[in-house]
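**Q** Below is the file coords.cif, with mmCIF, C-alpha atoms.
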data_data
#
loop_
_atom_site.group_PDB
_atom_site.id
_atom_site.type_symbol
_atom_site.label_atom_id
_atom_site.label_comp_id
_atom_site.auth_asym_id
_atom_site.auth_seq_id
_atom_site.Cartn_x
_atom_site.Cartn_y
_atom_site.Cartn_z
ATOM 1 C CA MET A 1 -25.658 -93.485 64.673
ATOM 2 C CA SER A 2 -24.643 -96.161 67.114
ATOM 3 C CA ILE A 3 -22.423 -99.140 66.444
ATOM 4 C CA HIS A 4 -24.205 -102.504 66.413
ATOM 5 C CA ALA A 5 -22.843 -106.034 66.588
ATOM 6 C CA PRO A 6 -22.664 -107.727 63.183
ATOM 7 C CA GLY A 7 -25.536 -110.013 62.317
ATOM 8 C CA LYS A 8 -28.648 -110.304 60.229
ATOM 9 C CA ARG A 9 -30.188 -106.875 59.742
ATOM 10 C CA LEU A 10 -32.113 -107.199 56.517
ATOM 11 C CA LEU A 11 -35.854 -106.507 56.941
ATOM 12 C CA HIS A 12 -35.735 -106.577 60.783
ATOM 13 C CA GLU A 13 -37.107 -103.063 61.037
ATOM 14 C CA ILE A 14 -40.429 -104.040 59.405
ATOM 15 C CA PRO A 15 -43.006 -104.282 62.221
ATOM 16 C CA LEU A 16 -44.929 -107.243 60.766
ATOM 17 C CA LYS A 17 -44.545 -110.492 62.731
ATOM 18 C CA PHE A 18 -44.689 -112.904 59.755
ATOM 19 C CA VAL A 19 -41.909 -110.958 57.989
ATOM 20 C CA HIS A 20 -39.796 -111.052 61.130
ATOM 21 C CA ASP A 21 -40.413 -114.807 61.525
ATOM 22 C CA ARG A 22 -39.437 -115.457 57.902
ATOM 23 C CA VAL A 23 -36.252 -113.409 58.137
ATOM 24 C CA ALA A 24 -35.252 -114.991 61.434
ATOM 25 C CA GLY A 25 -35.948 -118.484 60.116
ATOM 26 C CA GLY A 26 -38.824 -119.074 62.482
ATOM 27 C CA SER A 27 -41.224 -120.503 59.948
ATOM 28 C CA ARG A 28 -40.393 -124.170 59.522
ATOM 29 C CA LYS A 29 -41.854 -126.550 57.009
ATOM 30 C CA ALA A 30 -44.107 -129.272 58.264
ATOM 31 C CA THR A 31 -42.425 -132.641 58.762
ATOM 32 C CA ASP A 32 -45.480 -134.648 57.715
ATOM 33 C CA VAL A 33 -45.910 -133.967 54.022
ATOM 34 C CA SER A 34 -48.933 -135.563 52.421
ATOM 35 C CA ILE A 35 -48.533 -137.118 48.986
ATOM 36 C CA ALA A 36 -51.407 -136.729 46.584
ATOM 37 C CA LEU A 37 -52.090 -140.441 46.186
ATOM 38 C CA ILE A 38 -54.911 -140.372 43.624
ATOM 39 C CA PRO A 39 -52.959 -138.490 40.906
ATOM 40 C CA PHE A 40 -49.954 -140.719 41.578
ATOM 41 C CA ILE A 41 -52.049 -143.871 41.044
ATOM 42 C CA ASP A 42 -53.587 -142.348 37.890
ATOM 43 C CA PHE A 43 -50.101 -141.660 36.545
ATOM 44 C CA LEU A 44 -48.982 -145.228 37.220
ATOM 45 C CA VAL A 45 -52.087 -146.694 35.558
ATOM 46 C CA VAL A 46 -51.539 -144.573 32.426
ATOM 47 C CA LEU A 47 -47.872 -145.582 32.363
ATOM 48 C CA VAL A 48 -48.691 -149.298 32.659
ATOM 49 C CA VAL A 49 -51.370 -149.104 29.948
ATOM 50 C CA PHE A 50 -48.953 -147.280 27.633
ATOM 51 C CA LEU A 51 -46.223 -149.852 28.176
ATOM 52 C CA LEU A 52 -48.610 -152.768 27.641
ATOM 53 C CA THR A 53 -49.938 -151.357 24.386
ATOM 54 C CA SER A 54 -46.508 -150.516 23.014
ATOM 55 C CA PHE A 55 -44.906 -153.844 23.958
ATOM 56 C CA SER A 56 -45.212 -156.659 21.454
ATOM 57 C CA ALA A 57 -44.306 -160.078 22.812
ATOM 58 C CA SER A 58 -44.902 -161.827 19.503
ATOM 59 C CA GLY A 59 -42.586 -159.538 17.547
ATOM 60 C CA GLU A 60 -45.285 -158.260 15.219
ATOM 61 C CA LEU A 61 -44.732 -155.037 13.332
ATOM 62 C CA LEU A 62 -46.323 -152.267 15.334
ATOM 63 C CA ALA A 63 -46.031 -149.552 12.727
ATOM 64 C CA GLN A 64 -46.908 -150.452 9.177
ATOM 65 C CA ARG A 65 -46.528 -147.453 6.916
ATOM 66 C CA ALA A 66 -49.830 -146.004 5.697
ATOM 67 C CA ASN A 67 -49.016 -146.044 1.985
ATOM 68 C CA LEU A 68 -47.529 -149.551 2.041
ATOM 69 C CA VAL A 69 -49.605 -152.517 0.841
ATOM 70 C CA MET A 70 -47.825 -155.722 1.794
ATOM 71 C CA PRO A 71 -48.561 -159.037 0.092
ATOM 72 C CA THR A 72 -50.410 -161.812 1.918
ATOM 73 C CA ALA A 73 -49.070 -165.296 2.546
ATOM 74 C CA ALA A 74 -50.488 -168.505 3.994
ATOM 75 C CA ASN A 75 -47.265 -169.977 5.410
ATOM 76 C CA VAL A 76 -45.854 -167.521 7.921
ATOM 77 C CA ARG A 77 -43.604 -167.498 10.976
ATOM 78 C CA GLU A 78 -43.429 -165.080 13.872
ATOM 79 C CA ILE A 79 -40.827 -162.405 13.246
ATOM 80 C CA GLU A 80 -38.060 -161.516 15.640
ATOM 81 C CA ILE A 81 -36.679 -158.161 16.616
ATOM 82 C CA ALA A 82 -34.433 -156.906 13.820
ATOM 83 C CA PRO A 83 -33.860 -153.775 11.754
ATOM 84 C CA ILE A 84 -36.824 -153.057 9.477
ATOM 85 C CA ILE A 85 -36.257 -151.851 5.923
ATOM 86 C CA ALA A 86 -39.500 -150.467 4.473
ATOM 87 C CA ILE A 87 -39.895 -149.912 0.744
ATOM 88 C CA ASP A 88 -42.927 -147.958 -0.355
ATOM 89 C CA PRO A 89 -43.600 -146.362 -3.778
ATOM 90 C CA GLN A 90 -41.816 -143.136 -2.761
ATOM 91 C CA VAL A 91 -38.970 -143.910 -0.348
ATOM 92 C CA VAL A 92 -36.774 -146.612 1.176
ATOM 93 C CA THR A 93 -36.414 -146.324 4.964
ATOM 94 C CA LEU A 94 -34.448 -148.121 7.657
ATOM 95 C CA ASP A 95 -36.239 -147.998 11.015
ATOM 96 C CA ASN A 96 -38.233 -144.959 9.773
ATOM 97 C CA ARG A 97 -35.111 -143.079 8.607
ATOM 98 C CA ARG A 98 -34.980 -142.160 4.910
ATOM 99 C CA MET A 99 -32.255 -143.963 2.947
ATOM 100 C CA ALA A 100 -33.109 -143.435 -0.759
ATOM 101 C CA ASP A 101 -35.842 -142.597 -3.258
ATOM 102 C CA THR A 102 -37.619 -145.594 -4.750
ATOM 103 C CA ARG A 103 -38.100 -144.004 -8.173
ATOM 104 C CA THR A 104 -34.413 -143.101 -8.469
ATOM 105 C CA LEU A 105 -33.439 -146.678 -7.646
ATOM 106 C CA ALA A 106 -35.983 -148.091 -10.106
ATOM 107 C CA ASP A 107 -34.791 -145.850 -12.959
ATOM 108 C CA ASN A 108 -31.194 -147.086 -12.734
ATOM 109 C CA PRO A 109 -30.984 -150.648 -14.180
ATOM 110 C CA ASN A 110 -27.491 -151.331 -12.755
ATOM 111 C CA LEU A 111 -27.126 -153.353 -9.573
ATOM 112 C CA GLU A 112 -25.398 -151.042 -7.126
ATOM 113 C CA ARG A 113 -25.452 -150.739 -3.398
ATOM 114 C CA ILE A 114 -27.259 -148.025 -1.485
ATOM 115 C CA GLU A 115 -24.399 -146.401 0.441
ATOM 116 C CA GLN A 116 -26.471 -144.755 3.187
ATOM 117 C CA LEU A 117 -28.297 -148.032 3.857
ATOM 118 C CA VAL A 118 -25.040 -150.007 3.992
ATOM 119 C CA GLN A 119 -23.450 -147.509 6.394
ATOM 120 C CA ASP A 120 -26.442 -147.481 8.752
ATOM 121 C CA LEU A 121 -26.740 -151.282 8.729
ATOM 122 C CA GLU A 122 -23.008 -151.612 9.489
ATOM 123 C CA THR A 123 -23.472 -149.204 12.394
ATOM 124 C CA LEU A 124 -26.384 -151.303 13.691
ATOM 125 C CA ARG A 125 -24.234 -154.428 13.326
ATOM 126 C CA ARG A 126 -21.371 -152.870 15.334
ATOM 127 C CA ASN A 127 -23.827 -151.762 18.024
ATOM 128 C CA TRP A 128 -25.275 -155.274 18.186
ATOM 129 C CA SER A 129 -21.788 -156.747 18.546
ATOM 130 C CA VAL A 130 -21.035 -154.402 21.440
ATOM 131 C CA LEU A 131 -24.297 -155.291 23.197
ATOM 132 C CA HIS A 132 -23.931 -159.058 22.594
ATOM 133 C CA PRO A 133 -20.184 -159.790 22.696
ATOM 134 C CA ARG A 134 -20.556 -163.559 23.229
ATOM 135 C CA ASP A 135 -23.306 -164.202 20.668
ATOM 136 C CA GLN A 136 -22.717 -164.820 16.996
ATOM 137 C CA PHE A 137 -24.297 -162.243 14.699
ATOM 138 C CA GLN A 138 -27.230 -163.799 12.826
ATOM 139 C CA GLY A 139 -27.593 -161.045 10.212
ATOM 140 C CA VAL A 140 -31.388 -160.850 10.375
ATOM 141 C CA VAL A 141 -33.147 -157.962 8.657
ATOM 142 C CA ILE A 142 -36.874 -157.564 7.980
ATOM 143 C CA LEU A 143 -37.892 -156.325 4.541
ATOM 144 C CA GLN A 144 -41.306 -154.661 4.459
ATOM 145 C CA ALA A 145 -42.008 -153.943 0.783
ATOM 146 C CA ASP A 146 -45.023 -152.684 -1.083
ATOM 147 C CA ARG A 147 -46.452 -155.297 -3.422
ATOM 148 C CA ASN A 148 -46.245 -152.912 -6.422
ATOM 149 C CA VAL A 149 -42.586 -151.877 -6.032
ATOM 150 C CA ASP A 150 -40.259 -152.732 -8.916
ATOM 151 C CA PHE A 151 -38.176 -155.835 -8.213
ATOM 152 C CA ARG A 152 -34.960 -153.972 -9.115
ATOM 153 C CA VAL A 153 -35.432 -151.807 -6.010
ATOM 154 C CA ILE A 154 -35.912 -154.849 -3.797
ATOM 155 C CA LYS A 155 -32.863 -156.474 -5.381
ATOM 156 C CA LYS A 156 -30.720 -153.374 -4.673
ATOM 157 C CA VAL A 157 -31.929 -153.255 -1.073
ATOM 158 C CA MET A 158 -31.184 -156.957 -0.567
ATOM 159 C CA PHE A 159 -27.747 -156.506 -2.186
ATOM 160 C CA SER A 160 -27.000 -153.573 0.127
ATOM 161 C CA ALA A 161 -28.128 -155.561 3.170
ATOM 162 C CA ALA A 162 -25.863 -158.448 2.146
ATOM 163 C CA GLN A 163 -22.943 -156.046 1.697
ATOM 164 C CA ALA A 164 -23.473 -154.889 5.299
ATOM 165 C CA GLY A 165 -23.513 -158.485 6.609
ATOM 166 C CA TYR A 166 -27.271 -158.994 6.820
ATOM 167 C CA THR A 167 -27.730 -162.186 4.812
ATOM 168 C CA ASN A 168 -30.826 -163.498 6.596
ATOM 169 C CA VAL A 169 -33.670 -161.485 5.024
ATOM 170 C CA SER A 170 -37.240 -161.994 6.245
ATOM 171 C CA PHE A 171 -40.115 -160.568 4.233
ATOM 172 C CA ALA A 172 -42.921 -158.998 6.245
ATOM 173 C CA VAL A 173 -46.312 -160.068 4.882
ATOM 174 C CA ASN A 174 -49.908 -159.997 5.977
ATOM 175 C CA GLN A 175 -51.130 -163.381 7.119
ATOM 176 C CA GLY A 176 -53.833 -164.721 4.824
ATOM 177 C CA GLY A 177 -55.924 -167.868 4.734
ATOM 178 C CA SER A 178 -54.932 -169.013 1.275
ATOM 179 C CA GLY A 179 -51.762 -168.739 -0.778
ATOM 180 C CA GLU A 180 -53.460 -167.192 -3.832
ATOM 181 C CA GLU A 181 -51.578 -163.854 -3.826
#
Please render this file's structure as structure tokens.

**A**
Amino acid sequence: MSIHAPGKRLLHEIPLKFVHDRVAGGSRKATDVSIALIPFIDFLVVLVVFLLTSFSASGELLAQRANLVMPTAANVREIEIAPIIAIDPQVVTLDNRRMADTRTLADNPNLERIEQLVQDLETLRRNWSVLHPRDQFQGVVILQADRNVDFRVIKKVMFSAAQAGYTNVSFAVNQGGSGEE
């Protein structure tokens, strides 16, 4: 066996030209790469349509819970972006996160705060203060309640919101033509 100079030796003894070119680095990638333009445009169109449908400039509630029947009102205002507390016959949620059971709250006649709701609202308030250091906190919360929920539950939720610093409560209602309901 003879002594050879050090260098690349792996797969050089294979007599196929394309293997030799690959090992030696002879096959280069093309410098003019074509971009598939049609799928790229399709992707952008789908993205724009998704963003347009999910964006609400008027501040309307995009997701009303299925088992929640809100009351109607004739005198309404546009709502602003704020935390949404939803009260349906089964559960109380804050931005779609479960806070308490409605039946448990209705069974207890004492006015007491909902600790999980207060903690989460205080966290949202601290986050708002960090994001808006120069603005004064308005304390706006939107209450989306079923029309058949016991008033004691609504009172406990409003008390808990006030304990967390949210004193400006807006009720979410369906806009109706007359003020009968």

**Q** When you count all atoms listed in the file, which of these residues is closest to Glu122 (chain A): A:Ser2, A:Thr53, A:Ser160, A:Asn168?

**A**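 The answer is A:Ser160, which sits nearest to Glu122 (chain A).
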
**Q** Kindly indicate which residue among A:His132, A:Arg126, A:Pro89, A:Gln163 lies nearest to Arg113 (chain A), using all atoms listed in the file for the distances.

**A**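 Smallest separation from Arg113 (chain A) among the options: A:Gln163.
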
**Q** Extract, using only C-alpha atoms, all DNA, RNA and protein residues at most 10 Å from Ile84 (chain A), discarding same-chain residues fewer than 6 positions from it, and format them as a list in words.

**A** Leu61, Thr93, Leu94, Asp95, Asn96, Val140, Val141, Ile142, Leu143, Gln144, Ser170, Phe171 and Ala172 of chain A

**Q** What gap, in Å, lies between CA of Ala82 (chain A) and CA of Phe137 (chain A)?

**A**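 So the two atoms, CA of Ala82 (chain A) and CA of Phe137 (chain A), lie 11.5 Å apart.
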
**Q** With all atoms listed in the file as the counted atoms, please give the residues lying no more than 12 Å from Arg98 (chain A), apart from itself and same-chain residues fewer than 2 positions off, as a PyMOL selection string.

**A** chain A and resi 84-88+90-96+100-102+114+116-117+120

**Q** Please give the centre and size of the box around region 150-157 of chain A (axis-aligned, containing every atom listed in the file, 6 Å added per side), with values in Å to one decimal and written as JSON.

**A**
{"center_x": -35.5, "center_y": -154.1, "center_z": -5.1, "size_x": 21.5, "size_y": 16.7, "size_z": 20.0}

**Q** Using the chain letters and numbering of this document, enumerate as a PDB file with C-alpha atoms, in the frame of the given file the residues selected by the PyMOL selection byres ((chain A and resi 105-111) around 7).

**A**
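Heads up, here's the output in part20.pdb:
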ATOM      1  CA  ASP A 101     -35.842-142.597  -3.258  1.00  0.00           C
ATOM      2  CA  THR A 102     -37.619-145.594  -4.750  1.00  0.00           C
ATOM      3  CA  ARG A 103     -38.100-144.004  -8.173  1.00  0.00           C
ATOM      4  CA  THR A 104     -34.413-143.101  -8.469  1.00  0.00           C
ATOM      5  CA  GLU A 112     -25.398-151.042  -7.126  1.00  0.00           C
ATOM      6  CA  ARG A 113     -25.452-150.739  -3.398  1.00  0.00           C
ATOM      7  CA  ASP A 150     -40.259-152.732  -8.916  1.00  0.00           C
ATOM      8  CA  ARG A 152     -34.960-153.972  -9.115  1.00  0.00           C
ATOM      9  CA  VAL A 153     -35.432-151.807  -6.010  1.00  0.00           C
ATOM     10  CA  LYS A 156     -30.720-153.374  -4.673  1.00  0.00           C
TER      11      LYS A 156
END

**Q** Counting only C-alpha atoms, which residue out of A:Ala145, A:Leu37, A:Ala164, A:Leu52 sits closest to Gln119 (chain A)?

**A**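 For Gln119 (chain A), the nearest of the candidates is A:Ala164.
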
**Q** Work out how far apart CA of Phe159 (chain A) and CA of Arg134 (chain A) are and give it in Å to one decimal.

**A** 27.3 Å

**Q** Provide the CA of Lys155 (chain A) to CA of Ser129 (chain A) distance in Å, to one decimal place.

**A**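 Taking CA of Lys155 (chain A) and CA of Ser129 (chain A), their separation equals 26.4 Å.
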
**Q** Looking at all atoms listed in the file, which of A:Leu121, A:Ile41, A:Val46, A:Leu131 is the one that sits closest to Gly165 (chain A)?

**A** A:Leu121
